[in-house]
Amino acid sequence: MLGYCPICGKPVYFGEKKRSLGRDYHPLCLKCQQCQRQLTPGQHAEHDEKPFCTNCYMKTFGPRAGKGRMMSYCHSSASSSSSSS
Ligand SMILES: [Zn+2]
Ligand SMILES: [Zn+2]
C-alpha cells in the first residue's frame, strides 16, 4: 500500500518509508520540524501531524510552554502563535 508522507505530501514507497506513530514518512522527512534533528521512529513527539523531537515538543507545546518564562530559554524566533482554541 502506498502511503503519503505527511511532511512533503509525496508518496512514500515501500523500502524507503519510516513508519512512526501510524504514519509513513520519508527517512529525510522524519525530522523535528523545529530543530531539524533526525528522529527515531516511535521515539518522538507529534503535534498537528508533524513530528517534533521530545525536546522541542516540550518547549513548544509542553505544559510549561508560554508559562515558564522563568526558565532560561534561548532566544526563540518561533514566538507564541496563540494556539489556544
Ligand atoms: Zn516526505
Ligand atoms: Zn527538535
# chains A, B, ... in the order shown; residues from 1 in each chain; ligands from 1
$ residues_near_ligand --ligand "ligand 2" --cutoff "10 Å" --atoms "only C-alpha atoms and all ligand atoms" --output "list in words"
Lys31, Cys32, Gln33, Gln34, Cys35, Gln36, Arg37, Gln38, Leu39, His44, Ala45, Pro51, Phe52, Cys53, Thr54, Asn55, Cys56, Tyr57, Met58, Lys59 and Thr60 of chain A
$ write_last_selection --atoms "N, CA and C atoms" --output "compact mmCIF listing (two decimals), in the first residue's frame"
# COMPACT_ATOMS: atom_id res chain seq x y z
N LYS A 31 12.00 14.31 10.63
CA LYS A 31 12.90 15.11 11.43
C LYS A 31 12.09 16.15 12.19
N CYS A 32 12.68 16.66 13.22
CA CYS A 32 11.99 17.63 14.05
C CYS A 32 11.70 18.88 13.23
N GLN A 33 10.46 19.32 13.24
CA GLN A 33 10.08 20.49 12.47
C GLN A 33 10.61 21.78 13.09
N GLN A 34 11.19 21.64 14.24
CA GLN A 34 11.71 22.81 14.92
C GLN A 34 13.23 22.91 14.76
N CYS A 35 13.92 21.86 15.14
CA CYS A 35 15.39 21.93 15.14
C CYS A 35 15.98 21.10 14.01
N GLN A 36 15.13 20.48 13.22
CA GLN A 36 15.57 19.73 12.04
C GLN A 36 16.41 18.51 12.39
N ARG A 37 16.32 18.09 13.61
CA ARG A 37 17.09 16.93 14.01
C ARG A 37 16.43 15.65 13.49
N GLN A 38 17.26 14.71 13.10
CA GLN A 38 16.73 13.43 12.64
C GLN A 38 16.05 12.70 13.79
N LEU A 39 14.92 12.11 13.52
CA LEU A 39 14.17 11.48 14.58
C LEU A 39 14.16 9.96 14.44
N HIS A 44 9.53 9.89 19.18
CA HIS A 44 9.47 11.33 19.07
C HIS A 44 8.04 11.78 19.33
N ALA A 45 7.87 13.04 19.47
CA ALA A 45 6.54 13.57 19.72
C ALA A 45 5.92 14.02 18.39
N PRO A 51 6.09 15.87 13.03
CA PRO A 51 6.98 15.29 14.03
C PRO A 51 7.88 16.33 14.70
N PHE A 52 8.06 16.17 15.97
CA PHE A 52 8.97 17.02 16.74
C PHE A 52 9.78 16.13 17.66
N CYS A 53 10.98 16.53 17.95
CA CYS A 53 11.71 15.81 18.98
C CYS A 53 11.06 16.16 20.31
N THR A 54 11.21 15.29 21.26
CA THR A 54 10.53 15.50 22.54
C THR A 54 11.00 16.78 23.19
N ASN A 55 12.24 17.12 22.94
CA ASN A 55 12.79 18.36 23.46
C ASN A 55 12.01 19.58 23.00
N CYS A 56 11.91 19.71 21.70
CA CYS A 56 11.21 20.85 21.12
C CYS A 56 9.73 20.79 21.45
N TYR A 57 9.23 19.59 21.50
CA TYR A 57 7.81 19.45 21.79
C TYR A 57 7.50 20.01 23.18
N MET A 58 8.31 19.62 24.13
CA MET A 58 8.08 20.10 25.49
C MET A 58 8.26 21.60 25.58
N LYS A 59 9.25 22.10 24.86
CA LYS A 59 9.49 23.54 24.89
C LYS A 59 8.35 24.30 24.25
N THR A 60 7.86 23.76 23.15
CA THR A 60 6.87 24.49 22.37
C THR A 60 5.44 24.23 22.80
$ closest_atom_pairs --of "chain A" --to "ligand 1" --cutoff "12 Å" --atoms "only C-alpha atoms and all ligand atoms" --output "tab-separated table"
residue	atom	partner	partner_atom_place_in_ligand_line	distance
A:Gly3	CA	ligand 1	1 (Zn)	10.2
A:Tyr4	CA	ligand 1	1 (Zn)	7.6
A:Cys5	CA	ligand 1	1 (Zn)	4.5
A:Pro6	CA	ligand 1	1 (Zn)	6.7
A:Ile7	CA	ligand 1	1 (Zn)	5.1
A:Cys8	CA	ligand 1	1 (Zn)	4.2
A:Gly9	CA	ligand 1	1 (Zn)	6.1
A:Lys10	CA	ligand 1	1 (Zn)	5.8
A:Pro11	CA	ligand 1	1 (Zn)	7.5
A:Val12	CA	ligand 1	1 (Zn)	7.0
A:Tyr13	CA	ligand 1	1 (Zn)	10.4
A:Glu16	CA	ligand 1	1 (Zn)	10.1
A:Lys17	CA	ligand 1	1 (Zn)	8.9
A:Lys18	CA	ligand 1	1 (Zn)	9.8
A:Arg19	CA	ligand 1	1 (Zn)	11.6
A:Arg23	CA	ligand 1	1 (Zn)	10.9
A:Asp24	CA	ligand 1	1 (Zn)	8.5
A:Tyr25	CA	ligand 1	1 (Zn)	5.5
A:His26	CA	ligand 1	1 (Zn)	4.4
A:Pro27	CA	ligand 1	1 (Zn)	7.6
A:Leu28	CA	ligand 1	1 (Zn)	6.8
A:Cys29	CA	ligand 1	1 (Zn)	4.7
A:Leu30	CA	ligand 1	1 (Zn)	7.6
A:Lys31	CA	ligand 1	1 (Zn)	10.0
A:Lys50	CA	ligand 1	1 (Zn)	11.2
A:Pro51	CA	ligand 1	1 (Zn)	11.6
$ write_last_selection --atoms "N, CA and C atoms" --output "mmCIF file, in the first residue's frame"
data_model
loop_
_atom_site.group_PDB
_atom_site.id
_atom_site.type_symbol
_atom_site.label_atom_id
_atom_site.label_comp_id
_atom_site.auth_asym_id
_atom_site.auth_seq_id
_atom_site.Cartn_x
_atom_site.Cartn_y
_atom_site.Cartn_z
ATOM 1 N N GLY A 3 1.671 4.903 0.882
ATOM 2 C CA GLY A 3 1.306 5.933 1.837
ATOM 3 C C GLY A 3 1.822 7.277 1.359
ATOM 4 N N TYR A 4 1.332 8.291 1.978
ATOM 5 C CA TYR A 4 1.802 9.622 1.614
ATOM 6 C C TYR A 4 2.483 10.275 2.802
ATOM 7 N N CYS A 5 3.602 10.833 2.544
ATOM 8 C CA CYS A 5 4.354 11.488 3.595
ATOM 9 C C CYS A 5 3.607 12.748 4.044
ATOM 10 N N PRO A 6 3.318 12.832 5.312
ATOM 11 C CA PRO A 6 2.570 13.987 5.815
ATOM 12 C C PRO A 6 3.392 15.277 5.780
ATOM 13 N N ILE A 7 4.664 15.152 5.581
ATOM 14 C CA ILE A 7 5.511 16.333 5.572
ATOM 15 C C ILE A 7 5.583 16.962 4.194
ATOM 16 N N CYS A 8 5.944 16.169 3.200
ATOM 17 C CA CYS A 8 6.116 16.742 1.865
ATOM 18 C C CYS A 8 4.946 16.402 0.947
ATOM 19 N N GLY A 9 4.091 15.485 1.396
ATOM 20 C CA GLY A 9 2.905 15.173 0.629
ATOM 21 C C GLY A 9 3.142 14.253 -0.548
ATOM 22 N N LYS A 10 4.352 13.767 -0.676
ATOM 23 C CA LYS A 10 4.652 12.872 -1.786
ATOM 24 C C LYS A 10 4.507 11.421 -1.354
ATOM 25 N N PRO A 11 4.308 10.554 -2.329
ATOM 26 C CA PRO A 11 4.147 9.131 -1.992
ATOM 27 C C PRO A 11 5.404 8.577 -1.323
ATOM 28 N N VAL A 12 5.181 7.698 -0.382
ATOM 29 C CA VAL A 12 6.299 7.025 0.272
ATOM 30 C C VAL A 12 6.286 5.574 -0.178
ATOM 31 N N TYR A 13 7.305 5.167 -0.866
ATOM 32 C CA TYR A 13 7.342 3.811 -1.382
ATOM 33 C C TYR A 13 7.888 2.849 -0.350
ATOM 34 N N GLU A 16 11.513 2.677 1.501
ATOM 35 C CA GLU A 16 12.106 3.944 1.922
ATOM 36 C C GLU A 16 11.320 4.584 3.040
ATOM 37 N N LYS A 17 10.241 3.929 3.395
ATOM 38 C CA LYS A 17 9.386 4.572 4.387
ATOM 39 C C LYS A 17 9.874 4.347 5.807
ATOM 40 N N LYS A 18 9.630 5.345 6.611
ATOM 41 C CA LYS A 18 9.854 5.243 8.044
ATOM 42 C C LYS A 18 8.508 5.363 8.703
ATOM 43 N N ARG A 19 8.071 4.291 9.273
ATOM 44 C CA ARG A 19 6.758 4.315 9.879
ATOM 45 C C ARG A 19 6.880 4.731 11.342
ATOM 46 N N ARG A 23 2.078 6.800 10.837
ATOM 47 C CA ARG A 23 2.203 7.465 9.548
ATOM 48 C C ARG A 23 3.485 7.020 8.877
ATOM 49 N N ASP A 24 3.497 7.166 7.568
ATOM 50 C CA ASP A 24 4.696 6.822 6.830
ATOM 51 C C ASP A 24 5.413 8.084 6.396
ATOM 52 N N TYR A 25 6.675 8.143 6.724
ATOM 53 C CA TYR A 25 7.482 9.308 6.380
ATOM 54 C C TYR A 25 8.626 8.892 5.475
ATOM 55 N N HIS A 26 9.129 9.842 4.723
ATOM 56 C CA HIS A 26 10.424 9.622 4.095
ATOM 57 C C HIS A 26 11.476 9.698 5.182
ATOM 58 N N PRO A 27 12.530 8.925 5.024
ATOM 59 C CA PRO A 27 13.604 8.986 6.039
ATOM 60 C C PRO A 27 14.084 10.413 6.261
ATOM 61 N N LEU A 28 14.163 11.182 5.207
ATOM 62 C CA LEU A 28 14.651 12.550 5.329
ATOM 63 C C LEU A 28 13.594 13.503 5.865
ATOM 64 N N CYS A 29 12.366 13.083 5.803
ATOM 65 C CA CYS A 29 11.290 13.954 6.270
ATOM 66 C C CYS A 29 11.010 13.749 7.753
ATOM 67 N N LEU A 30 11.420 12.605 8.238
ATOM 68 C CA LEU A 30 11.159 12.329 9.650
ATOM 69 C C LEU A 30 12.201 13.039 10.500
ATOM 70 N N LYS A 31 12.001 14.313 10.627
ATOM 71 C CA LYS A 31 12.904 15.108 11.431
ATOM 72 C C LYS A 31 12.087 16.145 12.193
ATOM 73 N N LYS A 50 2.708 16.758 12.655
ATOM 74 C CA LYS A 50 4.096 16.970 12.300
ATOM 75 C C LYS A 50 5.001 16.453 13.418
ATOM 76 N N PRO A 51 6.089 15.872 13.035
ATOM 77 C CA PRO A 51 6.984 15.287 14.034
ATOM 78 C C PRO A 51 7.878 16.334 14.702
#
$ select_by_dssp --residues "segment 16-76 of chain A" --states "strand (DSSP E or B)" --output "count of residues only"
14
